[in-house]
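Chemist: Mind looking over this structure? Questions follow.
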Amino acid sequence: MTMLGRSRRHLRRYREIAGILARHGFGWIVDMFGITEVHSRHKHLPRDQAAPVHLREMLEELGPTCVKLGQILSTRPDIMPEHYISELEKLQDTAPTLPASDIRAVIESEFGTTAGRLYAEFDETPLAAASLAQVHRATLKDGTRAIVKVQRPNIRDQVETDIEILYQRAKS
């Protein structure tokens with residue numbers, strides 16, 4: 001990829017990150033810019049309880065790289081307060097599921113054919129969903145039962161972009 005292409009991709013990701021941070025309105029950012037509507041998202045919670053919820057939601061929205069960071073932080077009581085750890089632990093075993101149509105599109109893109117041609121049966125209800133992939137039951141054409149793990153769409157590009165950005169930030 002050219003340097004210009006990489007810069008554009010990084011800029012798009014920076015904008016996305018900034019939008020998500022603003023939506024979750026941590027600390028002085030909310031006060032400085034007067035973005036009070038984000039407080040109403042969890043207004044039923046005391047502020048000290050809402051912050052960990054916002055952090056978890058923000059990491060989920062930022063995608064798999066940040067979910068992994070949150071998962072690591074959830075195992076670090078030496079650096080994270082307990083109420084944050086309790087919330088970040090939710091990243092260990094919950095991830096939003098993707099629609100079956102998205103999963104089928106990945107299969108089609110990877111194999112150049114439809115799931116219907118690859119499998120005698122393909123269960124559209126996922127067994128599990130994680131930050132990087134989703135798992136489905138299937139039956140091969142010969143009757144062999146299988147588990148199919150499908151990476152989330154565009155995951156590779158997003159993780160590569162995030163790692164490049166983190167590397168650049170760490171160097172500067």
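By order in the structure tokens, chains are A, B, ...; within a chain, residues start at 1; ligands start at 1, following the order shown.
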What's around stretch 55-65 of chain A at 10 Å? Count only C-alpha atoms, leave out sequence neighbours fewer than 6 positions away in its own chain, and write the answer as a VMD selection string.

Modeler: chain A and resid 13 16 to 26 71 84 to 85 87 to 91 94 to 96 130 to 133 152 155 to 156 158 to 163

Chemist: Pull N, CA and C atoms from the residues just selected and write them as a CSV table (one decimal), in the first residue's frame.

Modeler:
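Dumped everything to selection.csv:
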```csv
chain,number,residue,atom,x,y,z
A,13,ARG,N,-9.7,6.3,10.2
A,13,ARG,CA,-9.8,5.6,11.4
A,13,ARG,C,-9.7,6.6,12.6
A,16,GLU,N,-13.1,8.1,12.9
A,16,GLU,CA,-14.0,7.2,13.5
A,16,GLU,C,-13.8,7.1,15.1
A,17,ILE,N,-12.5,7.0,15.5
A,17,ILE,CA,-12.2,7.0,16.9
A,17,ILE,C,-12.6,8.2,17.6
A,18,ALA,N,-12.4,9.4,17.0
A,18,ALA,CA,-12.8,10.7,17.6
A,18,ALA,C,-14.3,10.7,17.8
A,19,GLY,N,-15.1,10.2,16.8
A,19,GLY,CA,-16.6,10.2,16.9
A,19,GLY,C,-17.0,9.3,18.0
A,20,ILE,N,-16.4,8.2,18.2
A,20,ILE,CA,-16.8,7.2,19.2
A,20,ILE,C,-16.5,7.8,20.6
A,21,LEU,N,-15.3,8.4,20.7
A,21,LEU,CA,-14.9,9.0,22.0
A,21,LEU,C,-15.9,10.1,22.4
A,22,ALA,N,-16.2,10.9,21.4
A,22,ALA,CA,-17.2,12.0,21.7
A,22,ALA,C,-18.5,11.5,22.1
A,23,ARG,N,-19.0,10.4,21.5
A,23,ARG,CA,-20.3,9.8,21.8
A,23,ARG,C,-20.3,9.3,23.3
A,24,HIS,N,-19.2,8.9,23.8
A,24,HIS,CA,-19.2,8.3,25.1
A,24,HIS,C,-18.7,9.3,26.1
A,25,GLY,N,-18.3,10.5,25.7
A,25,GLY,CA,-18.1,11.7,26.5
A,25,GLY,C,-17.3,11.5,27.8
A,26,PHE,N,-16.1,11.0,27.7
A,26,PHE,CA,-15.3,10.9,28.9
A,26,PHE,C,-14.9,12.3,29.4
A,71,GLN,N,-10.0,-6.6,27.1
A,71,GLN,CA,-9.9,-8.0,27.6
A,71,GLN,C,-8.7,-8.1,28.5
A,84,TYR,N,-14.2,-1.1,37.2
A,84,TYR,CA,-13.9,-1.2,35.7
A,84,TYR,C,-13.6,-2.6,35.3
A,85,ILE,N,-12.9,-3.4,36.1
A,85,ILE,CA,-12.6,-4.8,35.8
A,85,ILE,C,-13.9,-5.5,35.6
A,87,GLU,N,-16.8,-4.5,34.7
A,87,GLU,CA,-17.4,-4.2,33.4
A,87,GLU,C,-16.6,-4.7,32.2
A,88,LEU,N,-15.3,-4.6,32.3
A,88,LEU,CA,-14.5,-5.0,31.1
A,88,LEU,C,-14.5,-6.5,31.0
A,89,GLU,N,-14.8,-7.3,32.1
A,89,GLU,CA,-14.8,-8.7,32.0
A,89,GLU,C,-15.9,-9.2,31.0
A,90,LYS,N,-16.9,-8.3,30.8
A,90,LYS,CA,-18.0,-8.6,29.9
A,90,LYS,C,-17.5,-8.7,28.4
A,91,LEU,N,-16.3,-8.2,28.2
A,91,LEU,CA,-15.7,-8.3,26.9
A,91,LEU,C,-15.1,-9.7,26.6
A,94,THR,N,-18.7,-11.9,25.6
A,94,THR,CA,-19.9,-11.4,24.8
A,94,THR,C,-19.3,-10.5,23.7
A,95,ALA,N,-19.9,-10.8,22.5
A,95,ALA,CA,-19.6,-10.0,21.3
A,95,ALA,C,-20.9,-10.0,20.5
A,96,PRO,N,-21.1,-8.9,19.9
A,96,PRO,CA,-22.3,-8.8,19.0
A,96,PRO,C,-22.2,-9.8,17.9
A,130,ALA,N,-17.1,-13.8,18.8
A,130,ALA,CA,-16.0,-13.2,19.5
A,130,ALA,C,-15.6,-11.9,18.7
A,131,SER,N,-14.6,-11.3,19.2
A,131,SER,CA,-14.2,-10.0,18.6
A,131,SER,C,-13.6,-10.2,17.2
A,132,LEU,N,-13.0,-11.3,16.9
A,132,LEU,CA,-12.4,-11.5,15.6
A,132,LEU,C,-13.2,-12.4,14.7
A,133,ALA,N,-14.0,-13.3,15.2
A,133,ALA,CA,-14.7,-14.3,14.4
A,133,ALA,C,-16.0,-14.7,15.0
A,152,ARG,N,-14.7,-12.0,11.0
A,152,ARG,CA,-15.6,-10.8,10.7
A,152,ARG,C,-15.1,-10.1,9.5
A,155,ILE,N,-11.9,-7.5,8.9
A,155,ILE,CA,-11.2,-7.5,10.2
A,155,ILE,C,-9.7,-7.3,10.0
A,156,ARG,N,-9.2,-7.9,9.0
A,156,ARG,CA,-7.7,-7.8,8.8
A,156,ARG,C,-7.3,-6.4,8.6
A,158,GLN,N,-8.8,-3.6,9.4
A,158,GLN,CA,-9.0,-2.8,10.6
A,158,GLN,C,-8.0,-3.0,11.6
A,159,VAL,N,-7.6,-4.3,11.9
A,159,VAL,CA,-6.6,-4.6,12.9
A,159,VAL,C,-5.2,-4.0,12.4
A,160,GLU,N,-4.9,-4.2,11.1
A,160,GLU,CA,-3.7,-3.7,10.6
A,160,GLU,C,-3.6,-2.2,10.7
A,161,THR,N,-4.7,-1.5,10.4
A,161,THR,CA,-4.7,0.0,10.6
A,161,THR,C,-4.5,0.4,12.0
A,162,ASP,N,-5.2,-0.3,12.9
A,162,ASP,CA,-5.1,0.0,14.3
A,162,ASP,C,-3.7,-0.2,14.8
A,163,ILE,N,-3.1,-1.3,14.4
A,163,ILE,CA,-1.7,-1.6,14.9
A,163,ILE,C,-0.7,-0.6,14.3
```

Chemist: Per DSSP on the backbone, filter stretch 25-172 of chain A down to the residues in strand (DSSP E or B) and report them as a PyMOL selection string.

Modeler: chain A and resi 119-122+128-129+133-140+145-151

Chemist: Please provide the set of residues having any atom within 7 Å of stretch 114-120 of chain A, restricted to only C-alpha atoms, with same-chain residues fewer than 2 positions apart removed, written as a ChimeraX atom specification.

Modeler: /A:104,107-108,122,138-141

Chemist: Given the selection you just returned, output its residues as a file containing N, CA and C atoms, formatted as a PDB file, in the first residue's frame.

Modeler:
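Written out: part-v6.pdb:
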```pdb
ATOM      1  N   ARG A 104     -22.321 -15.299   5.358  1.00  0.00           N
ATOM      2  CA  ARG A 104     -22.369 -15.958   4.047  1.00  0.00           C
ATOM      3  C   ARG A 104     -21.546 -15.185   3.013  1.00  0.00           C
ATOM      4  N   ILE A 107     -17.900 -16.086   3.492  1.00  0.00           N
ATOM      5  CA  ILE A 107     -17.657 -17.429   2.960  1.00  0.00           C
ATOM      6  C   ILE A 107     -17.577 -17.381   1.436  1.00  0.00           C
ATOM      7  N   GLU A 108     -18.509 -16.683   0.830  1.00  0.00           N
ATOM      8  CA  GLU A 108     -18.540 -16.569  -0.625  1.00  0.00           C
ATOM      9  C   GLU A 108     -17.288 -15.880  -1.155  1.00  0.00           C
ATOM     10  N   PHE A 122     -26.060 -25.401   6.814  1.00  0.00           N
ATOM     11  CA  PHE A 122     -25.293 -24.344   7.475  1.00  0.00           C
ATOM     12  C   PHE A 122     -26.237 -23.642   8.432  1.00  0.00           C
ATOM     13  N   ALA A 138     -22.252 -26.681  10.918  1.00  0.00           N
ATOM     14  CA  ALA A 138     -22.528 -26.997   9.508  1.00  0.00           C
ATOM     15  C   ALA A 138     -22.411 -28.503   9.321  1.00  0.00           C
ATOM     16  N   THR A 139     -22.938 -28.954   8.218  1.00  0.00           N
ATOM     17  CA  THR A 139     -22.780 -30.344   7.797  1.00  0.00           C
ATOM     18  C   THR A 139     -22.203 -30.320   6.395  1.00  0.00           C
ATOM     19  N   LEU A 140     -21.090 -31.036   6.227  1.00  0.00           N
ATOM     20  CA  LEU A 140     -20.460 -31.102   4.912  1.00  0.00           C
ATOM     21  C   LEU A 140     -21.310 -31.936   3.970  1.00  0.00           C
ATOM     22  N   LYS A 141     -21.013 -31.870   2.706  1.00  0.00           N
ATOM     23  CA  LYS A 141     -21.782 -32.599   1.694  1.00  0.00           C
ATOM     24  C   LYS A 141     -21.752 -34.116   1.925  1.00  0.00           C
TER      25      LYS A 141
END
```

Chemist: Using only C-alpha atoms, can you tell me which of A:Asp157, A:His83, A:Asp123, A:Asp78 comes closest to A:Ser101?

Modeler: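 Ranking A:Asp157, A:His83, A:Asp123, A:Asp78 by distance to A:Ser101, first place goes to A:Asp123.
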
Chemist: Using atom CA of A:Val135 and atom CA of A:Gln151 as the two end points, give the distance in Å to one decimal.

Modeler: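 According to the coordinates, atom CA of A:Val135 and atom CA of A:Gln151 are separated by 8.8 Å.
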
Chemist: Give me, please, the distance in Å between atom CA of A:Glu164 and atom CA of A:Arg12, quoted to one decimal.

Modeler: 13.2 Å

Chemist: Pick the closest to A:Asp93 from A:Ser74, A:Asn154, A:Ser172, A:Thr144: which is it, counting only C-alpha atoms?

Modeler: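 Using only C-alpha atoms, the shortest distance to A:Asp93 belongs to A:Ser74.
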
Chemist: Taking only chain A into account, list the residues labelled helix (DSSP H, G or I) by DSSP (computed from the backbone), as a PyMOL selection string.

Modeler: chain A and resi 3-24+27-33+36-42+47-62+64-73+82-88+90-93+100-111+115-118+155-171

Chemist: Given the selection you just returned, output its residues as a file containing C-alpha atoms, formatted as a CSV table (one decimal), in the first residue's frame.

Modeler:
```csv
chain,number,residue,atom,x,y,z
A,3,MET,CA,2.1,6.0,1.9
A,4,LEU,CA,-0.8,8.2,0.7
A,5,GLY,CA,-3.3,5.3,0.8
A,6,ARG,CA,-2.1,4.4,4.3
A,7,SER,CA,-2.4,8.0,5.5
A,8,ARG,CA,-6.0,8.2,4.2
A,9,ARG,CA,-6.9,5.0,5.9
A,10,HIS,CA,-5.4,6.2,9.1
A,11,LEU,CA,-7.2,9.5,8.9
A,12,ARG,CA,-10.5,7.7,8.4
A,13,ARG,CA,-9.8,5.6,11.4
A,14,TYR,CA,-8.8,8.7,13.5
A,15,ARG,CA,-12.1,10.3,12.6
A,16,GLU,CA,-14.0,7.2,13.5
A,17,ILE,CA,-12.2,7.0,16.9
A,18,ALA,CA,-12.8,10.7,17.6
A,19,GLY,CA,-16.6,10.2,16.9
A,20,ILE,CA,-16.8,7.2,19.2
A,21,LEU,CA,-14.9,9.0,22.0
A,22,ALA,CA,-17.2,12.0,21.7
A,23,ARG,CA,-20.3,9.8,21.8
A,24,HIS,CA,-19.2,8.3,25.1
A,27,GLY,CA,-14.5,13.6,31.5
A,28,TRP,CA,-13.3,17.0,30.3
A,29,ILE,CA,-14.2,16.3,26.7
A,30,VAL,CA,-17.9,16.4,27.5
A,31,ASP,CA,-17.6,19.4,29.7
A,32,MET,CA,-15.3,21.3,27.4
A,33,PHE,CA,-17.5,20.9,24.3
A,36,THR,CA,-24.4,16.8,27.4
A,37,GLU,CA,-26.6,14.4,25.4
A,38,VAL,CA,-24.1,11.6,25.9
A,39,HIS,CA,-24.7,11.7,29.7
A,40,SER,CA,-28.3,10.8,29.1
A,41,ARG,CA,-27.3,7.4,27.7
A,42,HIS,CA,-26.6,6.0,31.2
A,47,ARG,CA,-21.3,8.8,37.3
A,48,ASP,CA,-18.7,6.4,38.8
A,49,GLN,CA,-20.7,3.4,37.5
A,50,ALA,CA,-21.5,5.0,34.1
A,51,ALA,CA,-17.8,5.6,33.3
A,52,PRO,CA,-16.9,1.8,33.2
A,53,VAL,CA,-20.0,1.1,31.1
A,54,HIS,CA,-19.1,3.8,28.6
A,55,LEU,CA,-15.5,2.5,28.5
A,56,ARG,CA,-16.7,-1.0,27.6
A,57,GLU,CA,-19.2,0.2,25.0
A,58,MET,CA,-16.5,2.5,23.5
A,59,LEU,CA,-14.0,-0.4,23.2
A,60,GLU,CA,-16.7,-2.5,21.6
A,61,GLU,CA,-17.5,0.2,19.1
A,62,LEU,CA,-13.8,0.8,18.3
A,64,PRO,CA,-11.5,-5.9,17.8
A,65,THR,CA,-8.1,-4.3,18.5
A,66,CYS,CA,-9.6,-2.2,21.3
A,67,VAL,CA,-11.8,-5.2,22.5
A,68,LYS,CA,-8.6,-7.2,22.9
A,69,LEU,CA,-7.1,-4.3,24.9
A,70,GLY,CA,-10.1,-4.2,27.2
A,71,GLN,CA,-9.9,-8.0,27.6
A,72,ILE,CA,-6.3,-7.6,28.7
A,73,LEU,CA,-7.2,-4.7,31.1
A,82,GLU,CA,-12.5,-3.3,40.5
A,83,HIS,CA,-15.6,-1.6,39.1
A,84,TYR,CA,-13.9,-1.2,35.7
A,85,ILE,CA,-12.6,-4.8,35.8
A,86,SER,CA,-16.2,-6.0,36.5
A,87,GLU,CA,-17.4,-4.2,33.4
A,88,LEU,CA,-14.5,-5.0,31.1
A,90,LYS,CA,-18.0,-8.6,29.9
A,91,LEU,CA,-15.7,-8.3,26.9
A,92,GLN,CA,-14.4,-11.8,27.6
A,93,ASP,CA,-17.5,-13.7,26.7
A,100,ALA,CA,-26.0,-14.6,8.7
A,101,SER,CA,-26.0,-12.7,5.4
A,102,ASP,CA,-22.7,-11.1,6.4
A,103,ILE,CA,-21.2,-14.4,7.3
A,104,ARG,CA,-22.4,-16.0,4.0
A,105,ALA,CA,-20.8,-13.0,2.2
A,106,VAL,CA,-17.4,-13.7,3.8
A,107,ILE,CA,-17.7,-17.4,3.0
A,108,GLU,CA,-18.5,-16.6,-0.6
A,109,SER,CA,-15.7,-14.1,-0.9
A,110,GLU,CA,-13.1,-16.5,0.6
A,111,PHE,CA,-14.2,-19.7,-1.3
A,115,ALA,CA,-22.3,-21.7,1.6
A,116,GLY,CA,-25.1,-23.8,0.0
A,117,ARG,CA,-22.6,-25.3,-2.4
A,118,LEU,CA,-20.0,-26.0,0.3
A,155,ILE,CA,-11.2,-7.5,10.2
A,156,ARG,CA,-7.7,-7.8,8.8
A,157,ASP,CA,-7.6,-4.3,7.4
A,158,GLN,CA,-9.0,-2.8,10.6
A,159,VAL,CA,-6.6,-4.6,12.9
A,160,GLU,CA,-3.7,-3.7,10.6
A,161,THR,CA,-4.7,0.0,10.6
A,162,ASP,CA,-5.1,0.0,14.3
A,163,ILE,CA,-1.7,-1.6,14.9
A,164,GLU,CA,0.0,0.8,12.5
A,165,ILE,CA,-1.6,3.8,14.3
A,166,LEU,CA,-0.6,2.4,17.7
A,167,TYR,CA,2.9,1.8,16.4
A,168,GLN,CA,3.1,5.4,15.1
A,169,ARG,CA,1.8,6.8,18.4
A,170,ALA,CA,4.3,4.7,20.4
A,171,LYS,CA,7.2,6.0,18.3
```

Chemist: Find the distance between atom CA of A:Thr125 and atom CA of A:Pro153 and write it in Å to one decimal.

Modeler: 17.1 Å
